[in-house]
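Source file: final_36.pdb; contents: PDB, C-alpha atoms.
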```pdb
ATOM      1  CA  MET A 110       2.899   5.129  36.874  1.00  0.00           C
ATOM      2  CA  ASN A 111       1.786   1.776  35.526  1.00  0.00           C
ATOM      3  CA  GLU A 112       4.255  -1.022  35.076  1.00  0.00           C
ATOM      4  CA  HIS A 113       4.151  -2.648  31.655  1.00  0.00           C
ATOM      5  CA  VAL A 114       5.310  -5.980  30.341  1.00  0.00           C
ATOM      6  CA  TYR A 115       6.041  -6.085  26.637  1.00  0.00           C
ATOM      7  CA  LYS A 116       6.279  -8.840  24.069  1.00  0.00           C
ATOM      8  CA  LYS A 117       8.125  -8.537  20.741  1.00  0.00           C
ATOM      9  CA  VAL A 118       7.348 -10.147  17.415  1.00  0.00           C
ATOM     10  CA  GLU A 119       9.316  -9.954  14.198  1.00  0.00           C
ATOM     11  CA  VAL A 120       7.558  -9.252  10.903  1.00  0.00           C
ATOM     12  CA  VAL A 121       8.646  -8.342   7.371  1.00  0.00           C
ATOM     13  CA  GLY A 122       6.830  -5.635   5.445  1.00  0.00           C
ATOM     14  CA  SER A 123       7.233  -5.029   1.741  1.00  0.00           C
ATOM     15  CA  SER A 124       6.382  -2.317  -0.758  1.00  0.00           C
ATOM     16  CA  PRO A 125       7.232  -1.307  -4.304  1.00  0.00           C
ATOM     17  CA  VAL A 126       6.994   2.349  -3.202  1.00  0.00           C
ATOM     18  CA  SER A 127       9.411   2.998  -0.304  1.00  0.00           C
ATOM     19  CA  ILE A 128      11.001   1.773   2.912  1.00  0.00           C
ATOM     20  CA  GLU A 129       8.550   3.879   4.906  1.00  0.00           C
ATOM     21  CA  ASP A 130       5.630   2.292   3.091  1.00  0.00           C
ATOM     22  CA  ALA A 131       7.025  -1.179   3.815  1.00  0.00           C
ATOM     23  CA  ILE A 132       7.187  -0.299   7.540  1.00  0.00           C
ATOM     24  CA  GLN A 133       3.649   1.047   7.494  1.00  0.00           C
ATOM     25  CA  ASN A 134       2.369  -2.088   5.741  1.00  0.00           C
ATOM     26  CA  ALA A 135       4.001  -4.310   8.382  1.00  0.00           C
ATOM     27  CA  VAL A 136       2.605  -2.288  11.302  1.00  0.00           C
ATOM     28  CA  GLU A 137      -0.904  -2.121   9.835  1.00  0.00           C
ATOM     29  CA  LYS A 138      -1.015  -5.855   9.127  1.00  0.00           C
ATOM     30  CA  ALA A 139       0.314  -6.732  12.606  1.00  0.00           C
ATOM     31  CA  GLY A 140      -2.296  -4.421  14.126  1.00  0.00           C
ATOM     32  CA  LYS A 141      -5.068  -6.556  12.625  1.00  0.00           C
ATOM     33  CA  SER A 142      -4.142  -9.540  14.803  1.00  0.00           C
ATOM     34  CA  LEU A 143      -2.256  -7.962  17.737  1.00  0.00           C
ATOM     35  CA  ARG A 144      -3.467  -5.386  20.259  1.00  0.00           C
ATOM     36  CA  HIS A 145      -1.727  -2.617  22.166  1.00  0.00           C
ATOM     37  CA  LEU A 146       1.113  -2.009  19.670  1.00  0.00           C
ATOM     38  CA  ARG A 147       3.561   0.461  21.209  1.00  0.00           C
ATOM     39  CA  TRP A 148       6.785   0.668  19.179  1.00  0.00           C
ATOM     40  CA  PHE A 149       8.809  -0.787  16.330  1.00  0.00           C
ATOM     41  CA  GLU A 150      12.501  -1.260  15.629  1.00  0.00           C
ATOM     42  CA  VAL A 151      13.921  -1.704  12.120  1.00  0.00           C
ATOM     43  CA  THR A 152      16.392  -4.585  12.191  1.00  0.00           C
ATOM     44  CA  GLU A 153      17.018  -5.219   8.507  1.00  0.00           C
ATOM     45  CA  THR A 154      16.454  -3.453   5.198  1.00  0.00           C
ATOM     46  CA  ARG A 155      16.806  -5.027   1.795  1.00  0.00           C
ATOM     47  CA  GLY A 156      15.421  -4.672  -1.684  1.00  0.00           C
ATOM     48  CA  HIS A 157      15.062  -6.163  -5.111  1.00  0.00           C
ATOM     49  CA  ILE A 158      16.824  -4.703  -8.136  1.00  0.00           C
ATOM     50  CA  GLU A 159      15.439  -5.013 -11.652  1.00  0.00           C
ATOM     51  CA  ASP A 160      17.097  -3.543 -14.741  1.00  0.00           C
ATOM     52  CA  GLY A 161      19.547  -1.601 -12.576  1.00  0.00           C
ATOM     53  CA  LYS A 162      16.818   0.090 -10.494  1.00  0.00           C
ATOM     54  CA  VAL A 163      15.260  -0.577  -7.121  1.00  0.00           C
ATOM     55  CA  SER A 164      11.939  -2.271  -7.759  1.00  0.00           C
ATOM     56  CA  HIS A 165      10.861  -3.453  -4.306  1.00  0.00           C
ATOM     57  CA  TYR A 166      11.686  -2.837  -0.644  1.00  0.00           C
ATOM     58  CA  GLN A 167      11.577  -5.276   2.282  1.00  0.00           C
ATOM     59  CA  VAL A 168      11.993  -4.193   5.892  1.00  0.00           C
ATOM     60  CA  THR A 169      12.262  -6.539   8.880  1.00  0.00           C
ATOM     61  CA  ILE A 170      10.940  -4.940  12.054  1.00  0.00           C
ATOM     62  CA  LYS A 171      10.410  -5.966  15.644  1.00  0.00           C
ATOM     63  CA  ILE A 172       7.104  -4.731  17.025  1.00  0.00           C
ATOM     64  CA  GLY A 173       6.612  -4.307  20.758  1.00  0.00           C
ATOM     65  CA  PHE A 174       3.202  -4.499  22.386  1.00  0.00           C
ATOM     66  CA  THR A 175       1.907  -4.573  25.937  1.00  0.00           C
ATOM     67  CA  LEU A 176       0.387  -7.749  27.319  1.00  0.00           C
ATOM     68  CA  ASP A 177      -3.147  -7.689  28.682  1.00  0.00           C
ATOM     69  CA  ASP A 178      -3.591  -7.554  32.448  1.00  0.00           C
ATOM     70  CA  GLN A 179      -5.401 -10.662  33.621  1.00  0.00           C
TER      71      GLN A 179
END
```
Spell out the structure here as structure tokens.
Amino acid sequence: MNEHVYKKVEVVGSSPVSIEDAIQNAVEKAGKSLRHLRWFEVTETRGHIEDGKVSHYQVTIKIGFTLDDQ
């Protein structure tokens, strides 16, 4: 079994559609500049209310990824 060392970064994803979509947006965007993404952890969920209805979702997540072997 390989030993892994992980690093975590915190990002905020947003979406007018859903919490799940906000998570997906955050992971996809992080994947464009980070490699070896392995897991995520939702640490905060919030939203914007307009005219008594939810109009936007924001989700703060921590994303874990493995560091390159040098």
query: Within 6 Å of stretch 125-142 of chain A, counting only C-alpha atoms, which residues qualify if same-chain residues fewer than 6 places away don't, as a list in words?
result: Ser164, His165 and Tyr166 of chain A
So that I have them on file, write out the residues from the current selection with C-alpha atoms, as a PDB file, keeping the file's coordinate frame.
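Result written to again-v9.pdb:
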```
ATOM      1  CA  SER A 164      11.939  -2.271  -7.759  1.00  0.00           C
ATOM      2  CA  HIS A 165      10.861  -3.453  -4.306  1.00  0.00           C
ATOM      3  CA  TYR A 166      11.686  -2.837  -0.644  1.00  0.00           C
TER       4      TYR A 166
END
```
Task: Chain and number of each residue from the PyMOL selection byres ((chain A and resi 121) around 7), as a ChimeraX atom specification - done: /A:120,122-123,135,167-170
(message) For this structure, which residues satisfy the selection - the PyMOL selection byres ((chain A and resi 150) around 9) - when it is evaluated on the file as given? I want them as a PyMOL selection string.
(response) chain A and resi 148-149+151-152+169-173
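Atom to atom, atom CA of A:Phe174 and atom CA of A:Ser124 stand 23.5 Å apart.
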Correct to one decimal, the distance atom CA of A:Glu112-atom CA of A:Asp178 is 10.5 Å
**Message:** Given the point (-0.3, -3.5, 21.2) in the coordinates of this file, which residues lie within 8 Å, counting all atoms listed in the file, and how would they look as a list of chain:residue names?
**Reply:** A:Gly140, A:Leu143, A:Arg144, A:His145, A:Leu146, A:Arg147, A:Gly173, A:Phe174, A:Thr175, A:Leu176
Next, write the just-selected residues to a file, as a compact mmCIF listing (two decimals), in the frame of the given file, keeping C-alpha atoms as the atom set.
```
# COMPACT_ATOMS: atom_id res chain seq x y z
CA GLY A 140 -2.30 -4.42 14.13
CA LEU A 143 -2.26 -7.96 17.74
CA ARG A 144 -3.47 -5.39 20.26
CA HIS A 145 -1.73 -2.62 22.17
CA LEU A 146 1.11 -2.01 19.67
CA ARG A 147 3.56 0.46 21.21
CA GLY A 173 6.61 -4.31 20.76
CA PHE A 174 3.20 -4.50 22.39
CA THR A 175 1.91 -4.57 25.94
CA LEU A 176 0.39 -7.75 27.32
```
